[in-house]
file query07.txt (compact mmCIF, C-alpha atoms and all ligand atoms)
# COMPACT_ATOMS: atom_id res chain seq x y z
CA MET G 1 263.13 190.97 187.19
CA GLY G 2 261.20 191.60 183.99
CA LEU G 3 259.37 194.79 183.19
CA MET G 4 256.09 192.89 182.92
CA ASP G 5 256.46 190.41 185.80
CA GLY G 6 253.06 189.28 187.06
CA LYS G 7 251.17 190.84 184.14
CA VAL G 8 248.82 188.92 181.88
CA ALA G 9 248.81 189.81 178.20
CA ILE G 10 246.79 188.87 175.14
CA VAL G 11 248.34 189.33 171.71
CA THR G 12 246.04 188.65 168.76
CA GLY G 13 247.50 187.30 165.52
CA ALA G 14 250.58 186.35 167.52
CA GLY G 15 251.47 183.22 165.56
CA ARG G 16 253.45 185.09 162.96
CA GLY G 17 255.11 188.36 162.02
CA ILE G 18 254.82 191.37 164.27
CA GLY G 19 252.45 189.72 166.75
CA ARG G 20 254.83 186.82 167.27
CA GLN G 21 257.68 189.17 168.18
CA GLU G 22 255.36 191.11 170.48
CA ALA G 23 254.32 187.93 172.29
CA LEU G 24 257.92 186.70 172.59
CA LEU G 25 259.15 190.01 174.00
CA LEU G 26 256.27 190.44 176.47
CA ALA G 27 256.93 186.89 177.70
CA ARG G 28 260.66 187.60 177.95
CA GLU G 29 259.77 190.57 180.15
CA GLY G 30 257.80 188.30 182.48
CA ALA G 31 254.23 188.57 181.16
CA LYS G 32 252.04 185.49 180.95
CA VAL G 33 250.82 185.53 177.37
CA VAL G 34 247.71 184.28 175.63
CA VAL G 35 248.96 183.71 172.09
CA ASN G 36 245.94 184.09 169.81
CA ASP G 37 246.12 183.10 166.17
CA LEU G 38 243.61 181.63 163.78
CA GLY G 39 246.40 180.47 161.50
CA GLY G 40 244.87 181.57 158.21
CA SER G 41 246.43 182.73 154.95
CA THR G 42 247.36 186.37 154.28
CA GLY G 43 243.90 186.75 152.74
CA GLY G 44 242.20 185.19 155.76
CA ASP G 45 241.39 181.78 154.30
CA GLY G 46 241.81 178.54 156.22
CA ALA G 47 242.85 177.85 159.77
CA ASP G 48 245.81 176.15 161.43
CA THR G 49 246.66 175.74 165.10
CA THR G 50 250.39 175.34 164.40
CA PRO G 51 251.56 179.00 164.39
CA ALA G 52 250.04 179.88 167.78
CA GLN G 53 251.20 176.60 169.32
CA GLN G 54 254.75 177.10 168.02
CA VAL G 55 254.99 180.50 169.69
CA VAL G 56 253.65 179.03 172.94
CA ASP G 57 256.28 176.29 172.71
CA GLU G 58 259.04 178.86 172.12
CA ILE G 59 257.94 180.88 175.14
CA THR G 60 257.68 177.82 177.37
CA LEU G 61 261.04 176.50 176.23
CA ALA G 62 262.62 179.81 177.21
CA GLY G 63 261.11 179.52 180.70
CA GLY G 64 258.07 181.75 180.18
CA GLU G 65 254.35 181.10 180.52
CA ALA G 66 251.94 181.08 177.60
CA VAL G 67 248.80 179.44 176.34
CA ALA G 68 247.43 179.19 172.80
CA ASN G 69 244.08 180.48 171.61
CA TYR G 70 242.85 179.80 168.09
CA ALA G 71 239.75 182.03 168.07
CA ASN G 72 238.71 184.19 165.18
CA VAL G 73 238.93 187.63 166.79
CA ALA G 74 236.40 188.99 164.31
CA THR G 75 233.61 187.20 166.20
CA PHE G 76 231.93 188.33 169.40
CA ASP G 77 232.22 184.84 170.87
CA GLY G 78 235.88 184.69 169.89
CA GLY G 79 236.61 187.95 171.73
CA ARG G 80 234.66 186.81 174.79
CA ASP G 81 236.41 183.42 174.92
CA LEU G 82 239.84 184.99 174.48
CA VAL G 83 239.43 187.32 177.45
CA ALA G 84 237.77 184.56 179.50
CA GLN G 85 240.71 182.25 178.77
CA ALA G 86 243.23 184.84 180.00
CA VAL G 87 241.28 185.31 183.22
CA SER G 88 240.65 181.62 183.87
CA THR G 89 244.19 180.51 182.99
CA PHE G 90 246.26 183.30 184.50
CA GLY G 91 243.87 184.98 186.94
CA GLY G 92 243.37 188.30 185.18
CA LEU G 93 244.24 190.54 182.28
CA ASP G 94 246.49 193.62 182.13
CA ILE G 95 247.52 194.04 178.50
CA LEU G 96 245.67 193.66 175.21
CA VAL G 97 247.60 193.95 171.96
CA ASN G 98 245.21 193.91 169.00
CA ASN G 99 247.33 192.93 166.03
CA ALA G 100 245.64 190.24 163.89
CA GLY G 101 245.27 191.25 160.27
CA ILE G 102 244.81 190.19 156.65
CA LEU G 103 245.00 191.87 153.25
CA ARG G 104 242.72 191.67 150.23
CA ASP G 105 244.01 194.53 148.12
CA ARG G 106 242.08 195.70 145.09
CA MET G 107 241.34 199.03 143.42
CA SER G 108 237.97 200.38 144.56
CA PHE G 109 236.36 199.94 141.14
CA SER G 110 237.15 196.21 141.16
CA MET G 111 236.69 195.37 144.83
CA SER G 112 234.14 192.69 145.63
CA GLU G 113 231.72 192.78 148.52
CA GLU G 114 233.49 189.79 150.02
CA GLU G 115 236.90 191.50 149.86
CA TRP G 116 235.46 194.54 151.60
CA ASP G 117 233.64 192.54 154.28
CA ALA G 118 236.54 190.20 155.09
CA VAL G 119 239.07 192.98 155.68
CA ILE G 120 236.67 195.19 157.62
CA ALA G 121 235.72 192.18 159.77
CA VAL G 122 239.22 191.00 160.70
CA HIS G 123 240.65 194.45 161.40
CA LEU G 124 237.80 196.60 162.62
CA LYS G 125 235.56 194.04 164.28
CA GLY G 126 238.66 192.02 165.18
CA HIS G 127 239.84 194.98 167.23
CA PHE G 128 236.38 195.58 168.69
CA CYS G 129 235.55 192.07 169.92
CA PRO G 130 238.53 191.39 172.24
CA THR G 131 238.50 195.02 173.39
CA ARG G 132 234.79 194.88 174.21
CA PHE G 133 235.33 192.11 176.74
CA ALA G 134 238.69 193.36 178.02
CA VAL G 135 237.30 196.80 178.91
CA GLU G 136 234.25 195.23 180.53
CA HIS G 137 236.59 193.10 182.65
CA TRP G 138 238.62 196.18 183.64
CA ARG G 139 235.56 198.27 184.44
CA ASN G 140 234.22 195.50 186.67
CA ARG G 141 237.59 195.19 188.42
CA PHE G 142 237.60 198.94 189.03
CA LYS G 143 234.08 198.84 190.44
CA GLU G 144 235.02 196.02 192.81
CA THR G 145 238.21 197.61 194.12
CA ASP G 146 237.80 201.33 193.45
CA VAL G 147 241.44 201.28 192.35
CA PRO G 148 242.52 202.20 188.79
CA VAL G 149 243.34 198.95 187.03
CA ASN G 150 246.57 200.03 185.32
CA ALA G 151 245.85 198.22 182.07
CA LYS G 152 247.03 198.91 178.52
CA ILE G 153 245.62 198.47 175.04
CA VAL G 154 247.81 198.69 171.95
CA ASN G 155 245.96 198.72 168.63
CA THR G 156 247.46 198.20 165.21
CA SER G 157 246.65 200.80 162.61
CA SER G 158 248.60 201.50 159.43
CA GLU G 159 249.87 204.41 157.40
CA ALA G 160 247.48 203.23 154.70
CA GLY G 161 244.59 204.28 156.91
CA LEU G 162 246.15 207.52 158.07
CA TYR G 163 247.46 208.84 154.75
CA GLY G 164 245.53 206.74 152.23
CA ASN G 165 246.96 204.14 149.85
CA ALA G 166 245.66 203.25 146.40
CA GLY G 167 244.44 199.67 146.19
CA GLN G 168 243.58 199.42 149.88
CA LEU G 169 240.14 200.99 150.27
CA ASN G 170 238.93 198.24 152.62
CA TYR G 171 242.16 198.06 154.63
CA ALA G 172 242.58 201.85 154.86
CA ALA G 173 238.99 202.30 156.04
CA ALA G 174 239.51 199.70 158.76
CA LYS G 175 242.87 201.08 159.85
CA ALA G 176 241.55 204.66 160.02
CA GLY G 177 238.69 203.29 162.10
CA ILE G 178 241.17 201.62 164.42
CA ALA G 179 242.95 204.95 164.99
CA ALA G 180 239.57 206.51 165.81
CA MET G 181 238.67 203.62 168.13
CA THR G 182 241.93 204.25 169.99
CA LEU G 183 240.88 207.83 170.74
CA VAL G 184 237.48 206.69 172.00
CA GLU G 185 239.01 203.94 174.14
CA ALA G 186 241.46 206.43 175.67
CA ARG G 187 238.64 208.84 176.46
CA GLU G 188 236.23 206.22 177.80
CA MET G 189 238.65 204.13 179.82
CA GLY G 190 241.09 206.71 181.24
CA ARG G 191 239.05 207.08 184.43
CA TYR G 192 239.36 203.35 185.08
CA GLY G 193 243.12 203.39 184.66
CA VAL G 194 243.30 201.99 181.12
CA ARG G 195 245.60 203.55 178.53
CA ALA G 196 245.01 202.99 174.81
CA ASN G 197 247.49 203.74 172.05
CA ALA G 198 247.93 202.60 168.47
CA ILE G 199 250.85 201.87 166.19
CA ALA G 200 251.31 202.18 162.46
CA PRO G 201 254.16 199.71 161.91
CA VAL G 202 256.40 198.83 159.01
CA ALA G 203 258.08 195.44 159.27
CA ARG G 204 259.31 192.51 157.22
CA THR G 205 256.50 189.93 157.47
CA ARG G 206 254.56 187.74 155.07
CA LEU G 207 251.95 190.53 154.85
CA LEU G 208 254.59 192.95 153.58
CA GLY G 209 255.71 190.16 151.26
CA THR G 210 252.37 190.43 149.45
CA VAL G 211 253.33 193.96 148.38
CA GLY G 212 256.82 192.87 147.33
CA MET G 213 258.80 194.06 150.34
CA GLY G 214 260.17 190.74 151.51
CA GLU G 215 259.03 188.03 153.88
CA SER G 216 260.47 187.35 157.27
CA GLY G 217 263.02 184.58 157.04
CA SER G 218 264.81 184.21 160.32
CA ASP G 219 264.81 185.98 163.64
CA GLU G 220 268.30 187.35 162.99
CA MET G 221 268.48 191.13 162.83
CA GLU G 222 270.88 193.15 160.75
CA GLU G 223 273.19 195.15 162.99
CA PRO G 224 273.42 197.90 164.01
CA LEU G 225 270.00 198.75 162.55
CA ASP G 226 267.54 196.48 160.77
CA ARG G 227 265.03 198.84 159.19
CA LEU G 228 262.40 196.18 158.63
CA ALA G 229 262.85 193.93 161.64
CA PRO G 230 259.52 193.28 163.43
CA GLN G 231 261.55 193.17 166.66
CA ASN G 232 261.87 196.97 166.42
CA VAL G 233 258.08 197.26 166.40
CA ALA G 234 257.82 194.79 169.29
CA ALA G 235 260.23 196.83 171.41
CA CYS G 236 258.08 199.96 171.05
CA VAL G 237 254.87 198.01 171.69
CA ALA G 238 256.34 196.43 174.83
CA TRP G 239 257.28 199.91 175.99
CA LEU G 240 253.69 201.06 175.41
CA CYS G 241 252.47 198.01 177.37
CA SER G 242 254.71 198.88 180.29
CA ASP G 243 254.38 201.48 183.01
CA LEU G 244 257.45 203.21 181.57
CA SER G 245 255.22 204.92 179.02
CA ASP G 246 252.67 206.20 181.58
CA PRO G 247 250.66 208.40 181.22
CA ILE G 248 250.71 208.40 177.40
CA THR G 249 247.30 207.57 175.95
CA GLY G 250 245.23 208.22 172.83
CA GLN G 251 248.33 208.44 170.60
CA VAL G 252 249.27 206.86 167.29
CA PHE G 253 252.94 206.03 166.68
CA LYS G 254 254.57 205.18 163.39
CA ILE G 255 257.30 202.62 164.00
CA ALA G 256 259.67 201.58 161.23
CA GLY G 257 263.13 200.29 162.03
CA GLY G 258 265.00 203.06 163.80
CA LEU G 259 262.19 205.57 163.32
CA VAL G 260 259.40 206.44 165.74
CA GLN G 261 256.98 209.26 165.02
CA VAL G 262 254.02 210.53 167.01
CA LEU G 263 251.39 211.12 164.35
CA GLY G 264 248.98 214.04 164.52
CA GLY G 265 245.28 213.43 164.01
CA TRP G 266 242.68 215.50 162.28
CA ARG G 267 242.96 219.17 163.11
CA ALA G 268 241.68 222.47 161.75
CA TRP G 269 244.20 223.66 159.19
CA ARG G 270 242.48 227.00 158.52
CA THR G 271 239.27 228.61 159.67
CA VAL G 272 236.92 231.00 157.94
CA ARG G 273 233.88 232.40 159.64
CA SER G 274 230.84 234.18 158.28
CA ALA G 275 228.36 236.31 160.20
CA GLU G 276 225.73 235.31 157.67
CA ASN G 277 224.54 231.95 156.32
CA TRP G 278 226.86 230.48 153.73
CA THR G 279 226.00 230.56 150.06
CA ILE G 280 227.89 228.85 147.26
CA GLU G 281 229.33 232.23 146.29
CA THR G 282 230.50 233.25 149.79
CA ILE G 283 232.15 229.89 150.48
CA ASP G 284 233.86 230.12 147.11
CA LYS G 285 235.20 233.56 148.04
CA ALA G 286 236.61 232.09 151.26
CA LYS G 287 238.54 229.48 149.26
CA GLY G 288 241.51 231.82 149.01
CA THR G 289 241.74 232.13 152.79
CA LEU G 290 241.40 228.39 153.29
CA PHE G 291 244.06 227.42 150.79
CA ASN G 292 246.19 230.42 149.81
CA ASP G 293 249.43 229.99 151.71
CA ARG G 294 251.64 227.03 150.78
CA SER G 295 254.33 227.81 153.31
CA THR G 296 252.39 227.20 156.50
CA GLY G 297 251.08 223.70 156.14
CA VAL G 298 248.16 223.83 153.73
CA PRO G 299 246.50 220.41 153.35
CA PRO G 300 248.76 218.77 150.76
CA PHE G 301 246.04 217.23 148.61
CA TYR G 302 244.86 220.62 147.44
CA THR G 303 248.03 221.31 145.51
CA GLU G 304 248.77 217.74 144.44
CA MET G 305 245.47 216.62 142.96
N1 LIG G 401 254.02 194.28 158.14
C1 LIG G 401 253.84 195.57 157.97
O1 LIG G 401 254.69 196.30 157.44
C2 LIG G 401 252.56 196.21 158.44
C3 LIG G 401 252.30 197.54 158.08
C4 LIG G 401 251.16 198.16 158.54
C5 LIG G 401 250.29 197.47 159.40
N2 LIG G 401 250.55 196.16 159.70
C6 LIG G 401 249.60 195.46 160.56
O2 LIG G 401 250.29 194.71 161.53
C7 LIG G 401 249.51 193.58 161.91
C8 LIG G 401 250.34 192.31 161.83
O3 LIG G 401 250.66 192.06 160.49
P1 LIG G 401 251.91 191.17 160.02
O4 LIG G 401 252.59 191.95 158.99
O5 LIG G 401 252.66 190.69 161.19
O6 LIG G 401 251.13 189.98 159.29
P2 LIG G 401 251.22 188.37 159.41
O7 LIG G 401 250.39 187.84 158.31
O8 LIG G 401 252.63 187.95 159.49
O9 LIG G 401 250.52 188.08 160.81
C9 LIG G 401 249.16 188.30 161.03
C10 LIG G 401 248.61 187.16 161.86
O10 LIG G 401 247.23 187.41 162.15
C11 LIG G 401 246.54 186.17 162.12
N3 LIG G 401 245.11 186.40 161.90
C12 LIG G 401 244.52 186.85 160.76
N4 LIG G 401 243.19 186.91 160.91
C13 LIG G 401 242.92 186.51 162.18
C14 LIG G 401 241.72 186.37 162.92
N5 LIG G 401 240.54 186.68 162.39
N6 LIG G 401 241.79 185.93 164.19
C15 LIG G 401 243.00 185.63 164.75
N7 LIG G 401 244.16 185.72 164.07
C16 LIG G 401 244.13 186.16 162.81
C17 LIG G 401 247.19 185.41 160.98
O11 LIG G 401 246.95 184.01 161.09
C18 LIG G 401 248.64 185.82 161.12
O12 LIG G 401 249.39 184.85 161.84
C19 LIG G 401 248.29 193.59 160.97
O13 LIG G 401 247.20 194.20 161.64
C20 LIG G 401 248.74 194.45 159.83
O14 LIG G 401 247.68 195.06 159.13
C21 LIG G 401 251.65 195.52 159.24
call {"tool": "encode", "arguments": {"input": "query07.txt", "output": "C-alpha cells"}}
result
Amino acid sequence: MGLMDGKVAIVTGAGRGIGRQEALLLAREGAKVVVNDLGGSTGGDGADTTPAQQVVDEITLAGGEAVANYANVATFDGGRDLVAQAVSTFGGLDILVNNAGILRDRMSFSMSEEEWDAVIAVHLKGHFCPTRFAVEHWRNRFKETDVPVNAKIVNTSSEAGLYGNAGQLNYAAAKAGIAAMTLVEAREMGRYGVRANAIAPVARTRLLGTVGMGESGSDEMEEPLDRLAPQNVAACVAWLCSDLSDPITGQVFKIAGGLVQVLGGWRAWRTVRSAENWTIETIDKAKGTLFNDRSTGVPPFYTEM
C-alpha cells in the first residue's frame, strides 16, 4: 500500500531536477502522475518532449502510472489542458505541485523587459494557470457532492523571494508573489477541503548549476545526509501532498538537505500609535520606538543598510 494510492497528481516542470524527483516519489507512493514539462533551457528557450517522456517511462517501468504533458504552464490554455488531461486520463485530480521554473538573472539596472516578462510569466502566471483550473475542478466537485474534496496544492517559492537576492529582481518578485498566492489559496479553498502550502527549496539541479552550485549528475545520494539532494525536497513535498500533514495549510517551508524550517510571513515588528494625524516631525520622533532595541528582533535591514 502506498501513501497516495488512488490519488491523481500533476507535477509541473517534472522532467528534470526537483520536479522529477517529486513525480517519481508520488508515483512510488501509488499516485497516478501527469508529468508536465515543456523541456526548455534554464532560461526558458526552446522545447523538447524528451524530459517529460523519460520520467513517464521511468515511472511506468517501475510499475507506476503516468502520462506526459508538454504544455507551457504560463498559458491559460496550457493550464486548462493540463487539468483536463488529468481528469480525462485518470478520472480526477487530487494533488497539484506547481514547480516549473526558469532563471534570467540580471541586476535591476541592466534587466531587459523580456527578462522581466519571461520570469514573471513562467513562475507567477505558471503557478496561476494550472491552479486556476484545478481549484475550479475541486469547487465543482464539492458542489456536486457536498463533501470536502481533500486535495492539496504545493507551490514552489524561493528564499530569493522571501529574503531578497541581488541579481534576481524578476525571480524574487515572482517567488514572493507565489508565497502570497499560497496564503490566498489556503484562505479561499479551505472550505472546500483544499490545503495549499509552499516550499522554498535548495537542491542540486541544473538551475542551481547556473549560480555555480553544481548540477545534478546521478540519482545517487550521499549517505547519511546529502545536503543538496533534490530527493530530500521531494520527500517533504510528498508529505505535504499526503494526508499525514493534515490540517497544515497556508505555510511556507524551507527545505534544504536535512533542514526544514517553517518560515514566518510579514508581521508587525513594532507599533506606534498617535492620537493625532501624523506629521513628518511626529513620525520622525516615533523612529526611536520603532527601531531602538536590537535585542528583540528589530527588522535587520535597518542596522545593516
Ligand atoms: N534548485 C534550487 O536550489 C532551487 C532553489 C529555489 C527554488 N527553486 C525552484 O524549484 C523549481 C524547480 O527548479 P529546478 O532547480 O528543479 O530546475 P530545473 O531546471 O532542473 O527544472 C525545471 C523544469 O521546469 C521546466 N519548465 C520551465 N518552464 C516551463 C514552462 N513554462 N512550462 C512547463 N515546464 C517548464 C523545465 O523544462 C525544467 O525541466 C523552480 O520553480 C525553481 O525556481 C529551486
call {"tool": "residues_near_point", "arguments": {"input": "query07.txt", "point": "(248.4, 183.0, 168.2)", "cutoff": "6 Å", "atoms": "all atoms listed in the file", "output": "ChimeraX atom specification"}}
result
/G:13-15,35-37,52
call {"tool": "residues_around", "arguments": {"input": "query07.txt", "residues": "G:Gly40", "least_positions_apart": "4", "cutoff": "12 Å", "atoms": "all atoms listed in the file", "output": "number ranges by chain"}}
result
G: 13-16, 36, 44-52, 70-72, 100-103, 122, 206-207
call {"tool": "residues_around", "arguments": {"input": "query07.txt", "residues": "stretch 240-247 of chain G", "least_positions_apart": "2", "cutoff": "7 Å", "atoms": "all atoms listed in the file", "output": "PyMOL selection string"}}
result
chain G and resi 3-4+95+152+236-238+249
call {"tool": "residues_around", "arguments": {"input": "query07.txt", "residues": "G:Asp5", "least_positions_apart": "6", "cutoff": "10 Å", "atoms": "all atoms listed in the file", "output": "PyMOL selection string"}}
result
chain G and resi 26-32
call {"tool": "closest_residue", "arguments": {"input": "query07.txt", "among": "G:Tyr192, G:Trp239, G:Phe291, G:Phe76", "to": "ligand LIG 401 (chain G)", "atoms": "all atoms listed in the file"}}
result
G:Phe76
call {"tool": "residues_near_point", "arguments": {"input": "query07.txt", "point": "(255.2, 209.9, 168.1)", "cutoff": "8 Å", "atoms": "only C-alpha atoms", "output": "PDB file with C-alpha atoms, keeping the file's coordinate frame"}}
result
ATOM      1  CA  GLN G 251     248.330 208.440 170.600  1.00  0.00           C
ATOM      2  CA  VAL G 252     249.270 206.860 167.290  1.00  0.00           C
ATOM      3  CA  PHE G 253     252.940 206.030 166.680  1.00  0.00           C
ATOM      4  CA  LYS G 254     254.570 205.180 163.390  1.00  0.00           C
ATOM      5  CA  VAL G 260     259.400 206.440 165.740  1.00  0.00           C
ATOM      6  CA  GLN G 261     256.980 209.260 165.020  1.00  0.00           C
ATOM      7  CA  VAL G 262     254.020 210.530 167.010  1.00  0.00           C
ATOM      8  CA  LEU G 263     251.390 211.120 164.350  1.00  0.00           C
TER       9      LEU G 263
END
call {"tool": "residues_around", "arguments": {"input": "query07.txt", "residues": "stretch 168-171 of chain G", "least_positions_apart": "3", "cutoff": "8 Å", "atoms": "all atoms listed in the file", "output": "PDB file with C-alpha atoms, in the frame of the given file"}}
result
ATOM      1  CA  LEU G 103     245.000 191.870 153.250  1.00  0.00           C
ATOM      2  CA  ARG G 104     242.720 191.670 150.230  1.00  0.00           C
ATOM      3  CA  ASP G 105     244.010 194.530 148.120  1.00  0.00           C
ATOM      4  CA  ARG G 106     242.080 195.700 145.090  1.00  0.00           C
ATOM      5  CA  MET G 107     241.340 199.030 143.420  1.00  0.00           C
ATOM      6  CA  SER G 108     237.970 200.380 144.560  1.00  0.00           C
ATOM      7  CA  GLU G 115     236.900 191.500 149.860  1.00  0.00           C
ATOM      8  CA  TRP G 116     235.460 194.540 151.600  1.00  0.00           C
ATOM      9  CA  ASP G 117     233.640 192.540 154.280  1.00  0.00           C
ATOM     10  CA  VAL G 119     239.070 192.980 155.680  1.00  0.00           C
ATOM     11  CA  ILE G 120     236.670 195.190 157.620  1.00  0.00           C
ATOM     12  CA  HIS G 123     240.650 194.450 161.400  1.00  0.00           C
ATOM     13  CA  ALA G 160     247.480 203.230 154.700  1.00  0.00           C
ATOM     14  CA  GLY G 161     244.590 204.280 156.910  1.00  0.00           C
ATOM     15  CA  GLY G 164     245.530 206.740 152.230  1.00  0.00           C
ATOM     16  CA  ASN G 165     246.960 204.140 149.850  1.00  0.00           C
ATOM     17  CA  ALA G 174     239.510 199.700 158.760  1.00  0.00           C
ATOM     18  CA  LYS G 175     242.870 201.080 159.850  1.00  0.00           C
TER      19      LYS G 175
END
call {"tool": "atom_distance", "arguments": {"input": "query07.txt", "atom1": "atom CA of G:Ser110", "atom2": "atom CA of G:Thr210"}}
result
18.3 Å
call {"tool": "closest_residue", "arguments": {"input": "query07.txt", "among": "G:Arg80, G:Arg273, G:Lys125, G:Lys287", "to": "ligand LIG 401 (chain G)", "atoms": "all atoms listed in the file"}}
result
G:Lys125
call {"tool": "residues_around", "arguments": {"input": "query07.txt", "residues": "G:Lys285", "least_positions_apart": "6", "cutoff": "12 Å", "atoms": "all atoms listed in the file", "output": "number ranges by chain"}}
result
G: 272-274, 278-279, 291-292
call {"tool": "closest_residue", "arguments": {"input": "query07.txt", "among": "G:Ala256, G:Thr42, G:Val8, G:Met189", "to": "G:Ala66", "atoms": "all atoms listed in the file"}}
result
G:Val8
call {"tool": "closest_residue", "arguments": {"input": "query07.txt", "among": "G:Pro130, G:Gly288, G:Pro201, G:Gly92", "to": "G:Ser158", "atoms": "only C-alpha atoms"}}
result
G:Pro201
call {"tool": "atom_distance", "arguments": {"input": "query07.txt", "atom1": "atom CA of G:Ala196", "atom2": "atom CA of G:Leu183"}}
result
7.6 Å
call {"tool": "atom_distance", "arguments": {"input": "query07.txt", "atom1": "atom CA of G:Val33", "atom2": "atom CA of G:Lys143"}}
result
25.1 Å
call {"tool": "closest_residue", "arguments": {"input": "query07.txt", "among": "G:Pro230, G:Gly193, G:Gly177, G:Gly2", "to": "ligand LIG 401 (chain G)", "atoms": "all atoms listed in the file"}}
result
G:Pro230
